[in-house]
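Shown next: my_file38.cif, given as mmCIF, C-alpha atoms, pLDDT in the B column; chains and numbers go by the auth columns.
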data_work
loop_
_atom_site.group_PDB
_atom_site.id
_atom_site.type_symbol
_atom_site.label_atom_id
_atom_site.label_comp_id
_atom_site.label_asym_id
_atom_site.label_seq_id
_atom_site.Cartn_x
_atom_site.Cartn_y
_atom_site.Cartn_z
_atom_site.B_iso_or_equiv
_atom_site.auth_seq_id
_atom_site.auth_asym_id
ATOM 1 C CA MET A 1 0.000 0.000 0.000 92.00 335 S
ATOM 2 C CA ARG A 2 2.832 2.397 0.770 89.00 336 S
ATOM 3 C CA VAL A 3 4.144 2.098 -2.800 92.00 337 S
ATOM 4 C CA LEU A 4 0.668 2.796 -4.184 93.00 338 S
ATOM 5 C CA TRP A 5 0.257 5.770 -1.855 91.00 339 S
ATOM 6 C CA GLU A 6 3.446 7.184 -3.373 91.00 340 S
ATOM 7 C CA ARG A 7 2.286 6.562 -6.962 91.00 341 S
ATOM 8 C CA ASP A 8 -1.342 5.720 -7.676 90.00 342 S
ATOM 9 C CA GLY A 9 -1.982 4.091 -11.067 90.00 343 S
ATOM 10 C CA LEU A 10 1.155 1.961 -10.960 92.00 344 S
ATOM 11 C CA GLY A 11 1.198 -1.142 -13.152 92.00 345 S
ATOM 12 C CA VAL A 12 1.234 -4.595 -11.578 93.00 346 S
ATOM 13 C CA SER A 13 4.624 -5.415 -13.126 92.00 347 S
ATOM 14 C CA GLU A 14 6.124 -2.136 -11.862 93.00 348 S
ATOM 15 C CA LEU A 15 4.767 -2.800 -8.379 94.00 349 S
ATOM 16 C CA GLY A 16 6.291 -6.280 -8.473 93.00 350 S
ATOM 17 C CA GLU A 17 9.671 -4.828 -9.470 92.00 351 S
ATOM 18 C CA ARG A 18 9.561 -2.230 -6.704 92.00 352 S
ATOM 19 C CA LEU A 19 8.627 -4.833 -4.090 91.00 353 S
ATOM 20 C CA HIS A 20 10.838 -7.593 -5.554 88.00 354 S
ATOM 21 C CA LEU A 21 7.835 -9.937 -5.791 90.00 355 S
ATOM 22 C CA ASP A 22 6.851 -12.154 -8.698 88.00 356 S
ATOM 23 C CA SER A 23 3.320 -12.209 -10.071 84.00 357 S
ATOM 24 C CA GLY A 24 2.552 -15.538 -8.378 89.00 358 S
ATOM 25 C CA THR A 25 3.078 -13.879 -5.004 91.00 359 S
ATOM 26 C CA LEU A 26 1.684 -10.466 -5.868 93.00 360 S
ATOM 27 C CA THR A 27 -1.585 -11.441 -7.566 92.00 361 S
ATOM 28 C CA PRO A 28 -3.221 -13.081 -4.510 94.00 362 S
ATOM 29 C CA LEU A 29 -2.251 -10.068 -2.383 95.00 363 S
ATOM 30 C CA LEU A 30 -3.776 -7.665 -4.907 95.00 364 S
ATOM 31 C CA LYS A 31 -6.954 -9.744 -5.096 95.00 365 S
ATOM 32 C CA ARG A 32 -7.359 -9.520 -1.314 96.00 366 S
ATOM 33 C CA LEU A 33 -6.759 -5.763 -1.343 95.00 367 S
ATOM 34 C CA GLU A 34 -9.328 -5.423 -4.132 96.00 368 S
ATOM 35 C CA GLN A 35 -11.853 -7.594 -2.257 96.00 369 S
ATOM 36 C CA SER A 36 -11.273 -5.423 0.812 95.00 370 S
ATOM 37 C CA GLY A 37 -12.192 -2.380 -1.252 96.00 371 S
ATOM 38 C CA LEU A 38 -8.770 -0.710 -1.000 96.00 372 S
ATOM 39 C CA LEU A 39 -7.835 -0.750 -4.698 95.00 373 S
ATOM 40 C CA ARG A 40 -9.178 -1.481 -8.178 96.00 374 S
ATOM 41 C CA ARG A 41 -7.368 -3.320 -10.934 94.00 375 S
ATOM 42 C CA GLY A 42 -8.046 -2.365 -14.527 92.00 376 S
ATOM 43 C CA ARG A 43 -6.554 -2.388 -17.999 93.00 377 S
ATOM 44 C CA ALA A 44 -4.535 0.641 -19.061 88.00 378 S
ATOM 45 C CA ALA A 45 -6.239 2.772 -21.711 89.00 379 S
ATOM 46 C CA ASP A 46 -3.085 3.056 -23.825 89.00 380 S
ATOM 47 C CA ASP A 47 -2.034 -0.624 -23.540 89.00 381 S
ATOM 48 C CA GLU A 48 -4.605 -3.276 -22.685 88.00 382 S
ATOM 49 C CA ARG A 49 -1.863 -5.760 -21.787 90.00 383 S
ATOM 50 C CA ARG A 50 -0.927 -3.583 -18.810 91.00 384 S
ATOM 51 C CA VAL A 51 -2.926 -3.862 -15.578 91.00 385 S
ATOM 52 C CA GLU A 52 -3.037 -0.663 -13.524 94.00 386 S
ATOM 53 C CA LEU A 53 -3.750 -0.379 -9.833 95.00 387 S
ATOM 54 C CA ARG A 54 -5.903 2.505 -8.595 94.00 388 S
ATOM 55 C CA LEU A 55 -6.568 3.337 -4.971 95.00 389 S
ATOM 56 C CA THR A 56 -10.172 3.605 -3.905 95.00 390 S
ATOM 57 C CA PRO A 57 -11.312 6.299 -1.436 95.00 391 S
ATOM 58 C CA ALA A 58 -11.015 3.649 1.296 95.00 392 S
ATOM 59 C CA GLY A 59 -7.429 2.937 0.190 94.00 393 S
ATOM 60 C CA ARG A 60 -6.538 6.623 0.411 92.00 394 S
ATOM 61 C CA THR A 61 -8.202 6.920 3.822 92.00 395 S
ATOM 62 C CA LEU A 62 -6.140 4.000 5.085 92.00 396 S
ATOM 63 C CA ARG A 63 -3.028 6.060 4.423 88.00 397 S
ATOM 64 C CA GLU A 64 -4.094 8.601 7.015 86.00 398 S
ATOM 65 C CA ARG A 65 -4.773 5.872 9.573 85.00 399 S
ATOM 66 C CA ALA A 66 -1.454 4.108 8.873 87.00 400 S
ATOM 67 C CA GLY A 67 0.624 7.300 8.764 81.00 401 S
ATOM 68 C CA THR A 68 2.385 6.757 12.080 84.00 402 S
ATOM 69 C CA LEU A 69 2.769 2.993 11.686 85.00 403 S
ATOM 70 C CA PRO A 70 6.414 3.019 10.480 82.00 404 S
ATOM 71 C CA VAL A 71 7.485 5.202 13.408 86.00 405 S
ATOM 72 C CA ARG A 72 5.613 3.012 15.914 88.00 406 S
ATOM 73 C CA MET A 73 7.113 -0.161 14.409 88.00 407 S
ATOM 74 C CA ALA A 74 10.628 1.321 14.598 89.00 408 S
ATOM 75 C CA ARG A 75 10.130 2.104 18.289 90.00 409 S
ATOM 76 C CA LEU A 76 8.964 -1.446 18.979 92.00 410 S
ATOM 77 C CA THR A 77 12.237 -2.881 17.651 91.00 411 S
ATOM 78 C CA GLY A 78 14.230 -1.168 20.375 91.00 412 S
ATOM 79 C CA CYS A 79 16.852 -0.202 17.779 91.00 413 S
ATOM 80 C CA SER A 80 18.198 3.271 17.149 90.00 414 S
ATOM 81 C CA SER A 81 17.587 4.909 13.787 89.00 415 S
ATOM 82 C CA ASP A 82 21.259 4.322 12.911 92.00 416 S
ATOM 83 C CA GLU A 83 20.946 0.617 13.725 93.00 417 S
ATOM 84 C CA LEU A 84 17.807 0.336 11.623 92.00 418 S
ATOM 85 C CA ALA A 85 19.518 2.112 8.715 92.00 419 S
ATOM 86 C CA ARG A 86 22.502 -0.287 8.913 95.00 420 S
ATOM 87 C CA LEU A 87 20.151 -3.252 9.083 93.00 421 S
ATOM 88 C CA ARG A 88 18.253 -2.026 6.047 91.00 422 S
ATOM 89 C CA ARG A 89 21.491 -1.597 4.061 95.00 423 S
ATOM 90 C CA LYS A 90 22.574 -5.132 4.997 96.00 424 S
ATOM 91 C CA LEU A 91 19.205 -6.553 3.983 94.00 425 S
ATOM 92 C CA VAL A 92 19.338 -4.743 0.642 92.00 426 S
ATOM 93 C CA ARG A 93 22.847 -6.149 0.009 95.00 427 S
ATOM 94 C CA LEU A 94 21.623 -9.635 0.943 94.00 428 S
ATOM 95 C CA ARG A 95 18.617 -9.344 -1.387 90.00 429 S
ATOM 96 C CA ASP A 96 20.826 -8.084 -4.230 91.00 430 S
ATOM 97 C CA ALA A 97 23.274 -10.969 -3.719 93.00 431 S
ATOM 98 C CA ILE A 98 20.427 -13.484 -3.808 90.00 432 S
ATOM 99 C CA ASP A 99 19.013 -11.866 -6.948 87.00 433 S
ATOM 100 C CA ALA A 100 22.429 -11.982 -8.634 90.00 434 S
ATOM 101 C CA ALA A 101 22.942 -15.634 -7.679 90.00 435 S
ATOM 102 C CA SER A 102 19.470 -16.518 -8.961 87.00 436 S
ATOM 103 C CA ALA A 103 20.155 -14.752 -12.260 86.00 437 S
ATOM 104 C CA ALA A 104 23.478 -16.576 -12.608 86.00 438 S
ATOM 105 C CA ASP A 105 21.807 -19.926 -11.904 85.00 439 S
ATOM 106 C CA ALA A 106 19.096 -19.197 -14.454 83.00 440 S
ATOM 107 C CA ALA A 107 21.704 -18.304 -17.079 83.00 441 S
ATOM 108 C CA THR A 108 23.521 -21.632 -16.630 83.00 442 S
ATOM 109 C CA ALA A 109 20.423 -23.818 -16.258 74.00 443 S
ATOM 110 C CA ALA A 110 19.709 -26.546 -18.775 67.00 444 S
ATOM 111 C CA PRO A 111 17.430 -25.557 -21.643 68.00 445 S
ATOM 112 C CA PRO A 112 13.761 -26.430 -21.160 66.00 446 S
ATOM 113 C CA ARG A 113 12.588 -29.839 -22.314 67.00 447 S
ATOM 114 C CA PRO A 114 10.687 -29.875 -25.593 63.00 448 S
ATOM 115 C CA THR A 115 6.916 -29.701 -25.409 62.00 449 S
ATOM 116 C CA ALA A 116 4.418 -31.653 -27.482 61.00 450 S
ATOM 117 C CA GLY A 117 4.363 -28.884 -30.081 58.00 451 S
ATOM 118 C CA SER A 118 8.114 -28.959 -30.584 55.00 452 S
ATOM 119 C CA THR A 119 8.547 -32.582 -31.706 54.00 453 S
ATOM 120 C CA SER A 120 9.948 -31.650 -35.121 51.00 454 S
ATOM 121 C CA ARG A 121 12.726 -29.643 -33.484 52.00 455 S
ATOM 122 C CA CYS A 122 13.358 -32.565 -31.153 52.00 456 S
ATOM 123 C CA ARG A 123 13.632 -34.960 -34.116 53.00 457 S
ATOM 124 C CA ARG A 124 16.023 -32.582 -35.872 51.00 458 S
ATOM 125 C CA ARG A 125 18.204 -32.495 -32.763 53.00 459 S
ATOM 126 C CA GLU A 126 18.140 -36.304 -32.525 54.00 460 S
ATOM 127 C CA SER A 127 19.113 -36.745 -36.185 52.00 461 S
ATOM 128 C CA TRP A 128 21.892 -34.178 -35.811 51.00 462 S
ATOM 129 C CA ALA A 129 23.134 -35.977 -32.701 55.00 463 S
ATOM 130 C CA ALA A 130 23.116 -39.291 -34.597 54.00 464 S
ATOM 131 C CA ARG A 131 25.148 -37.788 -37.463 56.00 465 S
ATOM 132 C CA ALA A 132 27.603 -36.138 -35.085 56.00 466 S
ATOM 133 C CA ALA A 133 28.135 -39.273 -32.990 55.00 467 S
ATOM 134 C CA PRO A 134 31.187 -41.393 -33.821 56.00 468 S
ATOM 135 C CA ALA A 135 30.523 -44.586 -35.746 55.00 469 S
ATOM 136 C CA PRO A 136 30.184 -47.651 -33.545 54.00 470 S
ATOM 137 C CA THR A 137 33.290 -49.816 -33.393 54.00 471 S
ATOM 138 C CA GLN A 138 33.451 -53.594 -33.565 54.00 472 S
ATOM 139 C CA SER A 139 33.395 -55.225 -30.193 50.00 473 S
ATOM 140 C CA SER A 140 36.598 -56.787 -29.028 49.00 474 S
ATOM 141 C CA SER A 141 34.861 -60.173 -28.704 50.00 475 S
ATOM 142 C CA SER A 142 34.785 -60.585 -32.527 47.00 476 S
ATOM 143 C CA PRO A 143 37.541 -62.730 -33.945 51.00 477 S
ATOM 144 C CA PRO A 144 40.402 -60.738 -35.497 51.00 478 S
ATOM 145 C CA ALA A 145 39.801 -62.159 -39.002 52.00 479 S
ATOM 146 C CA THR A 146 36.211 -60.925 -39.009 49.00 480 S
ATOM 147 C CA ARG A 147 37.305 -57.471 -37.949 49.00 481 S
ATOM 148 C CA ARG A 148 39.906 -57.336 -40.736 50.00 482 S
ATOM 149 C CA ALA A 149 37.494 -58.590 -43.332 50.00 483 S
ATOM 150 C CA SER A 150 34.814 -56.094 -42.405 48.00 484 S
ATOM 151 C CA SER A 151 37.286 -53.225 -42.342 49.00 485 S
ATOM 152 C CA ALA A 152 38.624 -54.181 -45.806 49.00 486 S
ATOM 153 C CA ARG A 153 35.225 -53.491 -47.331 47.00 487 S
#
Conversion result in structure tokens:
Amino acid sequence: MRVLWERDGLGVSELGERLHLDSGTLTPLLKRLEQSGLLRRGRAADDERRVELRLTPAGRTLRERAGTLPVRMARLTGCSSDELARLRRKLVRLRDAIDAASAADAATAAPPRPTAGSTSRCRRRESWAARAAPAPTQSSSSPPATRRASSAR
């Protein structure tokens, strides 16, 4: 809600980026806020693919009621403002490190398995792999004369 109070009309994807949440996590939260009457979701006029979030009057009123909440929460921690600032910086560094590690893992992950609609590509890969594979060799259990005779052909 605090992000929406700062900028009403934000898109769902932009909100997710600001909060570092994916759509699978964000969508149920937004549905509950909408059911509670605090915001409305709707398609953007200029791009129907984009879903915008608009505060309702109840959502704007909640801002006034929650105005002192951050200060009260900070007091409850028993930490000084300097300690809280250091903690926040450490948490941001930790989040950034996790994001970077996740991106690196995703970049080195195996390619996705083919789906039912991609069988022709799969067959092409299999035929390429068969052509690129070395020719099978005779087993060592064959008699030497047979191996020589077959290799002379």
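If you count only C-alpha atoms and ignore residues fewer than 6 places along the chain from stretch 396-413 of chain S, what sits within 12 Å of it is Met335, Arg336, Val337, Leu338, Trp339, Glu340, Leu367, Ser370, Gly371, Leu372, Leu373, Leu389, Thr390, Ala419, Arg420, Leu421 and Arg422 of chain S.
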- Computed gap from atom CA of S:His354 to atom CA of S:Ala438 is 17.0 Å
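Going from atom CA of S:Ala378 to atom CA of S:Glu348 covers 13.2 Å.
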Enclose all atoms of stretch 431-446 of chain S listed in the file in an axis-aligned box, grow every side by 8 Å, and hand back centre and edge lengths in Å to one decimal, as lines of an AutoDock Vina configuration file.
center_x = 18.6
center_y = -18.8
center_z = -12.7
size_x = 25.8
size_y = 31.6
size_z = 33.9
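Pairwise distance (atom CA of S:Arg374, atom CA of S:Ser347) equals 15.2 Å.
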- Message: Considering all atoms listed in the file, can you say which of S:Leu344, S:Leu355, S:Ala392, S:Leu363 comes closest to S:Asp433?
- Response: S:Leu355
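Distances to S:Leu387 were evaluated for S:Asp356, S:Arg429, S:Ala435, S:Val346 using only C-alpha atoms, and the minimum falls at S:Val346.
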- Closest of S:Val385, S:Gly376, S:Asp416, S:Ala434 to S:Gly350 - atom-to-atom distances counting only C-alpha atoms: S:Val385
